[in-house]
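Visitor: Can you read through this structure? Questions will come right after.
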Amino acid sequence: DGLLRVEQGRGTFVQPQFLDYEIGRRTRFSEIIARHRKEPSGRLIASAEVAADPRVAEALEIPAGAPCLRLETLHVADGTPLSISTNWFPVQLAPNLLAAYAETGSITQALRRDGIDDYMRRQTRITAQPAAPEDAALLRQPPSRPLLVAESVNVDPDGRPIQYAVTRFASDRVQIVLNS
């Protein structure tokens with residue numbers, strides 16, 4: 001059944017089971033997890049209105065120092081933490097996002113409440129990095145295990161950036177699949 005891996009001279013090991021996390025034009029956490037017949041959930045870790053630093057401003061195509069909403073979220077499937085995401089949104093596009101996310105646990109539903117009915121992925125960059133101690137604790141993994149990091153920009157149907165996100169995935173639970 002693919003649950004065990006035998007290595008001659010070393011022993012028998014439990015084979016890690018990865019969840020395929022598909023990244024395409026319409027990347028939605030809840031939809032991806034539901035396709036795997038798992039229960040998706042999101043939890044707000046922290047939120048604030050912040051001034052856009054140069055990296056955020058460039059991604060969102062707004063002036064540095066412009067007001068943004070920052071959401072730090074934990075994403076879970078069937079009770080297992082999969083990722084932590086830091087998200088920035090221009091305040092003028094989604095002024096009610098913080099309250100709506102706290103209520104719904106869904107960025108897609110929260111954006112709808114501000115009149116953004118659809119959005120698409122413009123770009124995703126994927127790297128690996130060591131886990132910060134707080135990320136390792138939230139993901140319930142050893143700090144020595146690296147994270148898969150996806151830096152992404154989502155745009156509305158007119159091509160206007162509405163979200164910049166840096167998502168850290170538990171590398172032993174998620175396999176990134178790029179759809180073209």
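Numbering starts fresh at 1 for the residues of each chain in the structure tokens, the chains themselves are lettered A, B, ... in the order given, and ligands are numbered from 1 as they appear.
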Pick out the residues sitting within 12 Å of Ala102 (chain A), and hand them over as number ranges by chain; count only C-alpha atoms, and ignore anything fewer than 5 positions along from it in its own chain.
Guide: A: 42-47, 71-73, 96-97, 107, 109-110
Visitor: In Å, how far is it from CA of Ala165 (chain A) to CA of Ser152 (chain A)?
Guide: 5.3 Å
Visitor: Please run DSSP on the backbone and report, as a PyMOL selection string, all residues within chain A that come out as strand (DSSP E).
Guide: chain A and resi 4-7+11-14+19-23+40-51+67-77+80-90+120-129+147-155+161-170+174-178
Visitor: Looking at only C-alpha atoms, which of A:Glu31, A:Gln123, A:Ala128, A:Leu82 is the one that sits closest to Ser106 (chain A)?
Guide: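 Smallest distance to Ser106 (chain A) is found for A:Glu31.
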Visitor: Which residues are near Ala132 (chain A)? Cut-off 9 Å, only C-alpha atoms, ignore same chain within fewer than 4 positions. Put them as a ChimeraX atom specification.
Guide: /A:136-137,143
Visitor: Residues as selected, all heavy atoms, written as a short mmCIF file (atom, residue, chain, number, x, y, z; two decimals), in the first residue's frame, can you do that?
Guide:
data_model
loop_
_atom_site.label_atom_id
_atom_site.label_comp_id
_atom_site.auth_asym_id
_atom_site.auth_seq_id
_atom_site.Cartn_x
_atom_site.Cartn_y
_atom_site.Cartn_z
N ALA A 136 7.81 26.30 13.78
CA ALA A 136 7.94 24.87 14.09
C ALA A 136 6.94 24.47 15.17
O ALA A 136 6.30 23.42 15.06
CB ALA A 136 9.37 24.55 14.52
N ALA A 137 6.77 25.30 16.18
CA ALA A 137 5.82 24.99 17.25
C ALA A 137 4.39 24.94 16.72
O ALA A 137 3.63 24.01 17.02
CB ALA A 137 5.95 26.01 18.38
N PRO A 143 12.21 21.79 14.98
CA PRO A 143 12.79 23.00 14.38
C PRO A 143 13.86 22.70 13.34
O PRO A 143 14.14 23.53 12.48
CB PRO A 143 13.39 23.76 15.56
CG PRO A 143 12.92 23.09 16.79
CD PRO A 143 12.38 21.74 16.41
#
Visitor: Which residue gives the smallest distance to Arg173 (chain A) among A:Gly11, A:Pro95, A:Pro146, A:Pro90, with only C-alpha atoms counted?
Guide: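 The shortest atom-to-atom distance to Arg173 (chain A) comes from A:Pro146.
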Visitor: I'd like the interatomic distance between CA of Glu134 (chain A) and CA of Leu148 (chain A), to a tenth of an Å.
Guide: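 If I compute the distance from CA of Glu134 (chain A) to CA of Leu148 (chain A), I get 15.5 Å.
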Visitor: Could you check which of A:Asp158, A:Glu39, A:Glu151, A:Glu103 is closest to Met120 (chain A), using only C-alpha atoms?
Guide: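 Of all the options, A:Asp158 lies closest to Met120 (chain A).
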Visitor: Just checking: using only C-alpha atoms, which residue out of A:Arg140, A:Arg10, A:Arg35, A:Arg121 ends up closest to Leu178 (chain A)?
Guide: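 Using only C-alpha atoms, Leu178 (chain A) sits closest to A:Arg121.
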Visitor: Out of region 43-134 of chain A, which residues get alpha helix (DSSP H) from DSSP, as a list in words?
Guide: Pro54, Arg55, Val56, Ala57, Glu58, Ala59, Leu60, Leu97, Leu98, Ala99, Ala100, Tyr101, Ala102, Glu103, Thr104, Ile107, Thr108, Gln109, Ala110, Leu111, Arg112, Arg113, Pro133 and Glu134 of chain A
Visitor: Counting only C-alpha atoms, what is within 6 Å of Val149 (chain A), bar same-chain residues fewer than 3 positions away, as a list in words?
Guide: Ile126, Thr127, Ala128, Thr167 and Arg168 of chain A
Visitor: Out of A:Val76, A:Ala59, A:Val174, A:Ala48, which residue has the shortest atom-to-atom distance to Pro161 (chain A) when counting only C-alpha atoms?
Guide: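 When distances to Pro161 (chain A) are compared using only C-alpha atoms, the smallest one comes from A:Ala59.
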